[in-house]
$ cat data12.txt   # compact mmCIF, C-alpha atoms
# COMPACT_ATOMS: atom_id res chain seq x y z
CA MET S 203 0.00 0.00 0.00
CA PHE S 204 2.86 2.32 0.93
CA ASN S 205 4.67 1.71 -2.35
CA ARG S 206 1.47 2.23 -4.30
CA ARG S 207 0.79 5.53 -2.54
CA ARG S 208 4.36 6.59 -2.99
CA GLY S 209 4.14 5.75 -6.70
CA LEU S 210 0.96 7.75 -7.10
CA THR S 211 2.50 10.70 -5.28
CA MET S 212 5.62 10.63 -7.44
CA ALA S 213 3.49 10.41 -10.56
CA ALA S 214 1.44 13.40 -9.43
CA VAL S 215 4.61 15.40 -8.76
CA ALA S 216 6.00 14.47 -12.14
CA MET S 217 2.77 15.47 -13.84
CA ALA S 218 2.72 18.78 -11.99
CA SER S 219 6.29 19.46 -13.01
CA LEU S 220 5.32 18.97 -16.64
CA PHE S 221 2.69 21.68 -16.35
CA VAL S 222 5.12 24.03 -14.63
CA ALA S 223 7.85 23.38 -17.17
CA ALA S 224 5.61 23.70 -20.20
CA PRO S 225 6.29 27.03 -21.89
CA SER S 226 3.51 29.51 -22.57
CA PHE S 227 3.65 30.41 -26.25
CA ALA S 228 3.25 34.13 -26.91
CA ASP S 229 1.11 35.24 -29.82
CA VAL S 230 2.38 37.50 -32.59
CA LEU S 231 1.23 40.74 -30.94
CA ASP S 232 3.00 39.71 -27.73
CA ASN S 233 6.15 39.04 -29.77
CA ILE S 234 5.92 42.47 -31.40
CA ASN S 235 5.50 44.14 -28.02
CA SER S 236 8.32 42.22 -26.38
CA SER S 237 10.81 42.55 -29.24
CA LYS S 238 9.77 46.13 -30.02
CA LYS S 239 9.92 45.24 -33.70
CA ILE S 240 7.34 44.50 -36.38
CA ARG S 241 8.21 42.49 -39.48
CA VAL S 242 6.15 43.59 -42.47
CA ALA S 243 6.00 41.59 -45.71
CA THR S 244 5.96 44.07 -48.60
CA ASP S 245 6.61 43.58 -52.30
CA LEU S 246 9.11 46.26 -53.30
CA GLY S 247 8.67 45.52 -56.98
CA ILE S 248 5.16 46.90 -57.53
CA PRO S 249 5.33 50.68 -57.76
CA PRO S 250 3.77 52.84 -56.50
CA PHE S 251 2.64 50.46 -53.71
CA GLY S 252 6.17 49.25 -53.02
CA MET S 253 9.50 50.10 -54.67
CA LEU S 254 13.06 51.23 -54.05
CA ASP S 255 13.86 54.92 -54.42
CA GLY S 256 17.00 56.46 -55.93
CA SER S 257 18.88 55.71 -52.72
CA MET S 258 17.70 52.07 -52.81
CA GLN S 259 15.45 52.66 -49.82
CA PRO S 260 11.88 51.28 -49.58
CA SER S 261 9.25 53.69 -50.88
CA GLY S 262 5.60 53.64 -51.96
CA SER S 263 2.13 53.87 -50.44
CA ASP S 264 2.32 50.51 -48.63
CA VAL S 265 5.77 51.39 -47.37
CA ASP S 266 4.44 54.69 -45.99
CA VAL S 267 1.56 52.85 -44.29
CA ALA S 268 3.99 50.41 -42.67
CA LYS S 269 6.24 53.26 -41.50
CA LEU S 270 3.27 55.12 -40.04
CA LEU S 271 2.11 51.99 -38.23
CA ALA S 272 5.53 51.28 -36.72
CA ALA S 273 5.92 54.90 -35.63
CA ASP S 274 2.50 54.97 -33.98
CA TRP S 275 3.19 51.70 -32.17
CA GLY S 276 6.68 52.79 -31.15
CA VAL S 277 8.41 49.75 -32.66
CA GLU S 278 11.26 49.14 -35.08
CA LEU S 279 10.17 48.33 -38.64
CA GLU S 280 11.74 45.49 -40.61
CA PHE S 281 10.64 45.00 -44.21
CA ILE S 282 10.50 41.42 -45.43
CA ASN S 283 10.76 41.75 -49.20
CA THR S 284 8.29 39.46 -50.93
CA THR S 285 6.62 38.74 -54.24
CA GLY S 286 2.93 38.27 -54.99
CA PRO S 287 2.93 34.48 -54.53
CA THR S 288 4.98 34.57 -51.30
CA ARG S 289 3.05 37.23 -49.37
CA ILE S 290 0.80 34.78 -47.52
CA PRO S 291 3.47 32.06 -47.04
CA ASN S 292 5.69 34.64 -45.34
CA ILE S 293 3.27 35.07 -42.43
CA ASN S 294 2.17 31.44 -42.32
CA THR S 295 5.81 30.34 -41.94
CA ASP S 296 6.49 33.07 -39.34
CA LYS S 297 8.94 34.98 -41.53
CA ALA S 298 6.78 38.09 -41.13
CA ASP S 299 4.17 39.34 -38.66
CA VAL S 300 1.82 41.10 -41.06
CA VAL S 301 1.37 41.57 -44.80
CA ILE S 302 1.06 45.16 -46.03
CA SER S 303 1.48 44.60 -49.74
CA SER S 304 -1.46 45.41 -52.05
CA LEU S 305 -3.15 42.20 -50.90
CA SER S 306 -6.75 42.26 -52.10
CA VAL S 307 -9.44 40.51 -50.08
CA THR S 308 -10.87 37.35 -51.66
CA GLU S 309 -12.87 34.42 -50.32
CA GLU S 310 -10.09 32.02 -51.27
CA ARG S 311 -7.47 34.00 -49.36
CA LYS S 312 -9.75 34.20 -46.32
CA LYS S 313 -9.25 30.45 -45.97
CA ALA S 314 -5.51 30.95 -45.51
CA VAL S 315 -5.21 34.20 -43.53
CA ASP S 316 -7.22 36.62 -41.41
CA PHE S 317 -7.76 40.04 -42.96
CA THR S 318 -8.11 43.41 -41.30
CA ARG S 319 -10.61 45.97 -42.53
CA PRO S 320 -9.55 47.63 -45.84
CA TYR S 321 -7.02 50.44 -45.80
CA SER S 322 -6.47 50.83 -49.55
CA PHE S 323 -7.73 49.59 -52.94
CA ILE S 324 -6.63 48.40 -56.35
CA ARG S 325 -8.20 48.03 -59.79
CA THR S 326 -7.18 45.21 -62.10
CA ALA S 327 -7.68 45.14 -65.86
CA ILE S 328 -6.64 43.59 -69.14
CA ILE S 329 -4.12 46.06 -70.47
CA ALA S 330 -2.75 46.22 -74.00
CA PRO S 331 -1.12 48.73 -76.38
CA ALA S 332 -3.35 51.75 -76.96
CA ASP S 333 -3.74 50.96 -80.67
CA ASP S 334 -5.05 47.45 -79.97
CA LEU S 335 -8.77 47.11 -80.77
CA ALA S 336 -9.78 44.77 -77.92
CA LYS S 337 -12.61 46.25 -75.83
CA GLU S 338 -14.68 43.25 -74.70
CA TRP S 339 -14.00 39.76 -73.36
CA LYS S 340 -14.97 38.20 -76.69
CA ASP S 341 -12.15 40.14 -78.38
CA LEU S 342 -9.61 37.99 -76.50
CA ALA S 343 -10.61 34.76 -78.30
CA GLY S 344 -7.51 32.95 -79.52
CA LYS S 345 -5.20 35.35 -77.66
CA SER S 346 -2.84 34.82 -74.71
CA VAL S 347 -3.08 36.90 -71.52
CA ALA S 348 -0.06 37.15 -69.20
CA VAL S 349 -0.57 37.24 -65.42
CA VAL S 350 1.40 36.87 -62.21
CA ARG S 351 0.95 33.39 -60.82
CA SER S 352 -1.52 32.97 -57.92
CA THR S 353 -2.82 36.56 -58.03
CA THR S 354 -6.49 37.52 -58.18
CA GLN S 355 -5.99 38.20 -61.89
CA ASP S 356 -4.76 34.64 -62.38
CA ILE S 357 -7.80 33.25 -60.55
CA ALA S 358 -10.33 35.46 -62.35
CA LEU S 359 -8.89 34.94 -65.82
CA THR S 360 -8.45 31.19 -65.37
CA GLU S 361 -12.19 31.02 -64.69
CA LYS S 362 -13.05 33.12 -67.75
CA ALA S 363 -10.59 31.54 -70.20
CA PRO S 364 -12.74 28.54 -71.23
CA GLU S 365 -15.79 30.74 -71.85
CA PHE S 366 -14.02 33.34 -73.99
CA GLY S 367 -11.38 31.14 -75.62
CA PHE S 368 -8.13 32.74 -74.48
CA THR S 369 -5.05 31.23 -72.84
CA VAL S 370 -3.56 32.31 -69.51
CA VAL S 371 0.25 32.52 -69.43
CA ARG S 372 1.71 32.69 -65.92
CA TYR S 373 4.85 34.50 -64.75
CA ASP S 374 6.40 34.30 -61.30
CA ASP S 375 6.29 37.98 -60.33
CA ASP S 376 5.34 41.47 -61.45
CA ALA S 377 8.81 42.32 -62.72
CA THR S 378 8.96 39.47 -65.24
CA THR S 379 5.36 40.09 -66.34
CA ILE S 380 6.09 43.77 -66.93
CA THR S 381 9.24 42.84 -68.85
CA ALA S 382 7.17 40.50 -71.04
CA ALA S 383 4.87 43.38 -71.95
CA VAL S 384 7.67 45.88 -72.57
CA SER S 385 9.64 43.42 -74.71
CA GLY S 386 6.62 42.46 -76.81
CA GLN S 387 6.42 38.89 -75.51
CA ALA S 388 2.95 39.64 -74.14
CA THR S 389 0.40 41.87 -75.88
CA TYR S 390 -2.36 41.34 -73.32
CA VAL S 391 -1.57 41.46 -69.63
CA GLY S 392 -3.79 41.07 -66.57
CA LEU S 393 -2.36 43.56 -64.09
CA ALA S 394 -3.32 46.45 -61.84
CA ASP S 395 -3.11 50.15 -62.64
CA PRO S 396 0.28 50.61 -60.90
CA GLN S 397 1.86 47.93 -63.06
CA MET S 398 0.42 49.57 -66.19
CA ARG S 399 2.09 52.77 -65.07
CA ALA S 400 5.39 50.90 -64.65
CA ILE S 401 5.07 49.44 -68.16
CA ASN S 402 4.46 52.89 -69.66
CA GLU S 403 7.44 54.33 -67.80
CA ARG S 404 9.67 51.65 -69.31
CA SER S 405 8.11 51.77 -72.76
CA PRO S 406 7.48 55.47 -73.55
CA GLY S 407 7.13 54.88 -77.28
CA LYS S 408 4.35 52.31 -76.90
CA LYS S 409 1.61 53.34 -74.52
CA PHE S 410 -0.47 50.67 -72.77
CA GLU S 411 -4.00 51.31 -71.53
CA ALA S 412 -6.74 49.46 -69.66
CA LYS S 413 -9.03 47.69 -72.14
CA ILE S 414 -11.26 45.51 -69.97
CA VAL S 415 -11.77 45.95 -66.21
CA ILE S 416 -11.36 42.68 -64.33
CA ASN S 417 -12.27 43.93 -60.88
CA GLN S 418 -11.87 46.58 -58.21
CA PHE S 419 -10.73 45.21 -54.88
CA PRO S 420 -10.36 46.54 -51.34
CA ILE S 421 -6.85 45.99 -50.00
CA ALA S 422 -6.34 44.88 -46.41
CA MET S 423 -3.54 43.80 -44.13
CA ALA S 424 -3.25 40.08 -43.45
CA VAL S 425 -2.17 38.16 -40.36
CA LYS S 426 -1.79 34.50 -39.59
CA LYS S 427 -5.03 32.63 -38.91
CA GLY S 428 -6.11 32.94 -35.28
CA GLU S 429 -4.04 36.03 -34.47
CA THR S 430 -7.14 37.81 -33.20
CA LYS S 431 -5.41 40.25 -30.86
CA LEU S 432 -3.12 41.50 -33.60
CA ALA S 433 -5.95 41.81 -36.13
CA GLU S 434 -8.09 43.76 -33.64
CA LYS S 435 -5.28 46.17 -32.80
CA LEU S 436 -4.56 46.71 -36.50
CA ASN S 437 -8.26 47.39 -37.10
CA GLU S 438 -8.26 50.02 -34.37
CA TRP S 439 -5.21 51.65 -35.92
CA ILE S 440 -6.74 51.60 -39.42
CA ALA S 441 -9.99 53.14 -38.14
CA THR S 442 -8.06 55.97 -36.47
CA ASN S 443 -6.06 56.71 -39.59
CA ILE S 444 -9.08 56.60 -41.87
CA GLU S 445 -10.69 59.16 -39.58
CA ASN S 446 -7.67 61.47 -39.51
CA GLY S 447 -7.06 61.12 -43.26
CA LYS S 448 -3.50 59.80 -43.03
CA LEU S 449 -4.20 56.56 -44.95
CA ASN S 450 -5.78 58.44 -47.84
CA ALA S 451 -2.91 60.92 -47.82
CA ALA S 452 -0.35 58.09 -48.06
CA TYR S 453 -2.25 56.61 -51.01
CA LYS S 454 -2.79 59.90 -52.83
CA ALA S 455 0.86 60.90 -52.49
CA HIS S 456 1.85 57.97 -54.70
CA HIS S 457 -1.25 57.26 -56.83
CA ASN S 458 -2.54 60.82 -57.37
CA ILE S 459 -6.12 59.77 -56.59
CA ASP S 460 -8.22 59.39 -53.46
CA ILE S 461 -9.32 56.04 -52.06
CA PRO S 462 -13.06 55.68 -52.83
CA ALA S 463 -15.06 56.28 -49.65
CA GLU S 464 -17.05 53.06 -50.12
CA ILE S 465 -13.85 51.00 -50.00
CA LEU S 466 -13.00 52.20 -46.50
CA LYS S 467 -16.40 51.56 -44.93

$ encode --input "data12.txt" --output "structure tokens"
Amino acid sequence: MFNRRRGLTMAAVAMASLFVAAPSFADVLDNINSSKKIRVATDLGIPPFGMLDGSMQPSGSDVDVAKLLAADWGVELEFINTTGPTRIPNINTDKADVVISSLSVTEERKKAVDFTRPYSFIRTAIIAPADDLAKEWKDLAGKSVAVVRSTTQDIALTEKAPEFGFTVVRYDDDATTITAAVSGQATYVGLADPQMRAINERSPGKKFEAKIVINQFPIAMAVKKGETKLAEKLNEWIATNIENGKLNAAYKAHHNIDIPAEILK
């Protein structure tokens, strides 16, 4: 009886020690607060949302938003350079704390990340040389449309391709897609307005224009699934900076237009 009681007591002590020794895992917001640093995934190859200036420093509307956020929270800002397809993987593999990188809100993406309320917006379109006659979806029959892999343009155009008889050609990032357009490899490209601007800056003798609007999307920040505290604090910050006009000012400084009021509701 003694040995049995002693065994039970030792087992209880051992079990208790396991609970004491087990670490308490901090969430992402706790990590930001304790480290005094926020890691923001931003694509620096999609001007004017994200780019490098003449001094090779991050610039753009998303960059300004990230800088404003870090300053308001009193933390150091570290940019994690990313591409379109790696934005979500960067937070889901803990390489970054939050995505601030022209990430539009879609139902498919909601399965992988938690979004904040919108802080910005983006329009996507089929763009082509100004002298091209395409104006409707049916005009793309038999043509090829270049897109960046895994973007909303890729998803939308892949769905439409069978109906309208065009082919979707996928590139790995914005830079290579833009190069394809500038070099003449791609006549039709599914991109957003900022990328069209980048194409026209690199190809002044051949102006591209939006032919067919694909969609207009709200842009939000993204955090890892379940990071409720971080998402809520970001939402509070976004609401404050919608109210004081700083988010619109950051956007207008680089895009020369205001964010539509309905996007920020």

$ residues_around --input "data12.txt" --residues "segment 298-308 of chain S" --least-positions-apart "6" --cutoff "8 Å" --atoms "all atoms listed in the file" --output "PyMOL selection string"
chain S and resi 230+240-245+251-252+264-265+267-268+282+289-290+292+317+322-324+354+419-426

$ write_last_selection --input "data12.txt" --atoms "C-alpha atoms" --output "PDB file, keeping the file's coordinate frame"
ATOM      1  CA  VAL S 230       2.380  37.500 -32.590  1.00  0.00           C
ATOM      2  CA  ILE S 240       7.340  44.500 -36.380  1.00  0.00           C
ATOM      3  CA  ARG S 241       8.210  42.490 -39.480  1.00  0.00           C
ATOM      4  CA  VAL S 242       6.150  43.590 -42.470  1.00  0.00           C
ATOM      5  CA  ALA S 243       6.000  41.590 -45.710  1.00  0.00           C
ATOM      6  CA  THR S 244       5.960  44.070 -48.600  1.00  0.00           C
ATOM      7  CA  ASP S 245       6.610  43.580 -52.300  1.00  0.00           C
ATOM      8  CA  PHE S 251       2.640  50.460 -53.710  1.00  0.00           C
ATOM      9  CA  GLY S 252       6.170  49.250 -53.020  1.00  0.00           C
ATOM     10  CA  ASP S 264       2.320  50.510 -48.630  1.00  0.00           C
ATOM     11  CA  VAL S 265       5.770  51.390 -47.370  1.00  0.00           C
ATOM     12  CA  VAL S 267       1.560  52.850 -44.290  1.00  0.00           C
ATOM     13  CA  ALA S 268       3.990  50.410 -42.670  1.00  0.00           C
ATOM     14  CA  ILE S 282      10.500  41.420 -45.430  1.00  0.00           C
ATOM     15  CA  ARG S 289       3.050  37.230 -49.370  1.00  0.00           C
ATOM     16  CA  ILE S 290       0.800  34.780 -47.520  1.00  0.00           C
ATOM     17  CA  ASN S 292       5.690  34.640 -45.340  1.00  0.00           C
ATOM     18  CA  PHE S 317      -7.760  40.040 -42.960  1.00  0.00           C
ATOM     19  CA  SER S 322      -6.470  50.830 -49.550  1.00  0.00           C
ATOM     20  CA  PHE S 323      -7.730  49.590 -52.940  1.00  0.00           C
ATOM     21  CA  ILE S 324      -6.630  48.400 -56.350  1.00  0.00           C
ATOM     22  CA  THR S 354      -6.490  37.520 -58.180  1.00  0.00           C
ATOM     23  CA  PHE S 419     -10.730  45.210 -54.880  1.00  0.00           C
ATOM     24  CA  PRO S 420     -10.360  46.540 -51.340  1.00  0.00           C
ATOM     25  CA  ILE S 421      -6.850  45.990 -50.000  1.00  0.00           C
ATOM     26  CA  ALA S 422      -6.340  44.880 -46.410  1.00  0.00           C
ATOM     27  CA  MET S 423      -3.540  43.800 -44.130  1.00  0.00           C
ATOM     28  CA  ALA S 424      -3.250  40.080 -43.450  1.00  0.00           C
ATOM     29  CA  VAL S 425      -2.170  38.160 -40.360  1.00  0.00           C
ATOM     30  CA  LYS S 426      -1.790  34.500 -39.590  1.00  0.00           C
TER      31      LYS S 426
END

$ residues_around --input "data12.txt" --residues "segment 359-368 of chain S" --least-positions-apart "6" --cutoff "9 Å" --atoms "only C-alpha atoms" --output "ChimeraX atom specification"
/S:339-347,349,392,416

$ write_last_selection --input "data12.txt" --atoms "C-alpha atoms" --output "compact mmCIF listing (two decimals), in the frame of the given file"
# COMPACT_ATOMS: atom_id res chain seq x y z
CA TRP S 339 -14.00 39.76 -73.36
CA LYS S 340 -14.97 38.20 -76.69
CA ASP S 341 -12.15 40.14 -78.38
CA LEU S 342 -9.61 37.99 -76.50
CA ALA S 343 -10.61 34.76 -78.30
CA GLY S 344 -7.51 32.95 -79.52
CA LYS S 345 -5.20 35.35 -77.66
CA SER S 346 -2.84 34.82 -74.71
CA VAL S 347 -3.08 36.90 -71.52
CA VAL S 349 -0.57 37.24 -65.42
CA GLY S 392 -3.79 41.07 -66.57
CA ILE S 416 -11.36 42.68 -64.33

$ closest_residue --input "data12.txt" --among "S:Arg399, S:Lys238, S:Lys297, S:Lys337" --to "Trp275 of chain S" --atoms "only C-alpha atoms"
S:Lys238

$ atom_distance --input "data12.txt" --atom1 "atom CA of Asp232 of chain S" --atom2 "atom CA of Val277 of chain S"
12.4 Å

$ atom_distance --input "data12.txt" --atom1 "atom CA of Glu438 of chain S" --atom2 "atom CA of Lys312 of chain S"
19.9 Å

$ decode --input "data12.txt" --residues "segment 276-402 of chain S" --atoms "C-alpha atoms" --output "tab-separated table (two decimals), in the first residue's frame"
chain	number	residue	atom	x	y	z
S	276	GLY	CA	6.68	52.79	-31.15
S	277	VAL	CA	8.41	49.75	-32.66
S	278	GLU	CA	11.26	49.14	-35.08
S	279	LEU	CA	10.17	48.33	-38.64
S	280	GLU	CA	11.74	45.49	-40.61
S	281	PHE	CA	10.64	45.00	-44.21
S	282	ILE	CA	10.50	41.42	-45.43
S	283	ASN	CA	10.76	41.75	-49.20
S	284	THR	CA	8.29	39.46	-50.93
S	285	THR	CA	6.62	38.74	-54.24
S	286	GLY	CA	2.93	38.27	-54.99
S	287	PRO	CA	2.93	34.48	-54.53
S	288	THR	CA	4.98	34.57	-51.30
S	289	ARG	CA	3.05	37.23	-49.37
S	290	ILE	CA	0.80	34.78	-47.52
S	291	PRO	CA	3.47	32.06	-47.04
S	292	ASN	CA	5.69	34.64	-45.34
S	293	ILE	CA	3.27	35.07	-42.43
S	294	ASN	CA	2.17	31.44	-42.32
S	295	THR	CA	5.81	30.34	-41.94
S	296	ASP	CA	6.49	33.07	-39.34
S	297	LYS	CA	8.94	34.98	-41.53
S	298	ALA	CA	6.78	38.09	-41.13
S	299	ASP	CA	4.17	39.34	-38.66
S	300	VAL	CA	1.82	41.10	-41.06
S	301	VAL	CA	1.37	41.57	-44.80
S	302	ILE	CA	1.06	45.16	-46.03
S	303	SER	CA	1.48	44.60	-49.74
S	304	SER	CA	-1.46	45.41	-52.05
S	305	LEU	CA	-3.15	42.20	-50.90
S	306	SER	CA	-6.75	42.26	-52.10
S	307	VAL	CA	-9.44	40.51	-50.08
S	308	THR	CA	-10.87	37.35	-51.66
S	309	GLU	CA	-12.87	34.42	-50.32
S	310	GLU	CA	-10.09	32.02	-51.27
S	311	ARG	CA	-7.47	34.00	-49.36
S	312	LYS	CA	-9.75	34.20	-46.32
S	313	LYS	CA	-9.25	30.45	-45.97
S	314	ALA	CA	-5.51	30.95	-45.51
S	315	VAL	CA	-5.21	34.20	-43.53
S	316	ASP	CA	-7.22	36.62	-41.41
S	317	PHE	CA	-7.76	40.04	-42.96
S	318	THR	CA	-8.11	43.41	-41.30
S	319	ARG	CA	-10.61	45.97	-42.53
S	320	PRO	CA	-9.55	47.63	-45.84
S	321	TYR	CA	-7.02	50.44	-45.80
S	322	SER	CA	-6.47	50.83	-49.55
S	323	PHE	CA	-7.73	49.59	-52.94
S	324	ILE	CA	-6.63	48.40	-56.35
S	325	ARG	CA	-8.20	48.03	-59.79
S	326	THR	CA	-7.18	45.21	-62.10
S	327	ALA	CA	-7.68	45.14	-65.86
S	328	ILE	CA	-6.64	43.59	-69.14
S	329	ILE	CA	-4.12	46.06	-70.47
S	330	ALA	CA	-2.75	46.22	-74.00
S	331	PRO	CA	-1.12	48.73	-76.38
S	332	ALA	CA	-3.35	51.75	-76.96
S	333	ASP	CA	-3.74	50.96	-80.67
S	334	ASP	CA	-5.05	47.45	-79.97
S	335	LEU	CA	-8.77	47.11	-80.77
S	336	ALA	CA	-9.78	44.77	-77.92
S	337	LYS	CA	-12.61	46.25	-75.83
S	338	GLU	CA	-14.68	43.25	-74.70
S	339	TRP	CA	-14.00	39.76	-73.36
S	340	LYS	CA	-14.97	38.20	-76.69
S	341	ASP	CA	-12.15	40.14	-78.38
S	342	LEU	CA	-9.61	37.99	-76.50
S	343	ALA	CA	-10.61	34.76	-78.30
S	344	GLY	CA	-7.51	32.95	-79.52
S	345	LYS	CA	-5.20	35.35	-77.66
S	346	SER	CA	-2.84	34.82	-74.71
S	347	VAL	CA	-3.08	36.90	-71.52
S	348	ALA	CA	-0.06	37.15	-69.20
S	349	VAL	CA	-0.57	37.24	-65.42
S	350	VAL	CA	1.40	36.87	-62.21
S	351	ARG	CA	0.95	33.39	-60.82
S	352	SER	CA	-1.52	32.97	-57.92
S	353	THR	CA	-2.82	36.56	-58.03
S	354	THR	CA	-6.49	37.52	-58.18
S	355	GLN	CA	-5.99	38.20	-61.89
S	356	ASP	CA	-4.76	34.64	-62.38
S	357	ILE	CA	-7.80	33.25	-60.55
S	358	ALA	CA	-10.33	35.46	-62.35
S	359	LEU	CA	-8.89	34.94	-65.82
S	360	THR	CA	-8.45	31.19	-65.37
S	361	GLU	CA	-12.19	31.02	-64.69
S	362	LYS	CA	-13.05	33.12	-67.75
S	363	ALA	CA	-10.59	31.54	-70.20
S	364	PRO	CA	-12.74	28.54	-71.23
S	365	GLU	CA	-15.79	30.74	-71.85
S	366	PHE	CA	-14.02	33.34	-73.99
S	367	GLY	CA	-11.38	31.14	-75.62
S	368	PHE	CA	-8.13	32.74	-74.48
S	369	THR	CA	-5.05	31.23	-72.84
S	370	VAL	CA	-3.56	32.31	-69.51
S	371	VAL	CA	0.25	32.52	-69.43
S	372	ARG	CA	1.71	32.69	-65.92
S	373	TYR	CA	4.85	34.50	-64.75
S	374	ASP	CA	6.40	34.30	-61.30
S	375	ASP	CA	6.29	37.98	-60.33
S	376	ASP	CA	5.34	41.47	-61.45
S	377	ALA	CA	8.81	42.32	-62.72
S	378	THR	CA	8.96	39.47	-65.24
S	379	THR	CA	5.36	40.09	-66.34
S	380	ILE	CA	6.09	43.77	-66.93
S	381	THR	CA	9.24	42.84	-68.85
S	382	ALA	CA	7.17	40.50	-71.04
S	383	ALA	CA	4.87	43.38	-71.95
S	384	VAL	CA	7.67	45.88	-72.57
S	385	SER	CA	9.64	43.42	-74.71
S	386	GLY	CA	6.62	42.46	-76.81
S	387	GLN	CA	6.42	38.89	-75.51
S	388	ALA	CA	2.95	39.64	-74.14
S	389	THR	CA	0.40	41.87	-75.88
S	390	TYR	CA	-2.36	41.34	-73.32
S	391	VAL	CA	-1.57	41.46	-69.63
S	392	GLY	CA	-3.79	41.07	-66.57
S	393	LEU	CA	-2.36	43.56	-64.09
S	394	ALA	CA	-3.32	46.45	-61.84
S	395	ASP	CA	-3.11	50.15	-62.64
S	396	PRO	CA	0.28	50.61	-60.90
S	397	GLN	CA	1.86	47.93	-63.06
S	398	MET	CA	0.42	49.57	-66.19
S	399	ARG	CA	2.09	52.77	-65.07
S	400	ALA	CA	5.39	50.90	-64.65
S	401	ILE	CA	5.07	49.44	-68.16
S	402	ASN	CA	4.46	52.89	-69.66
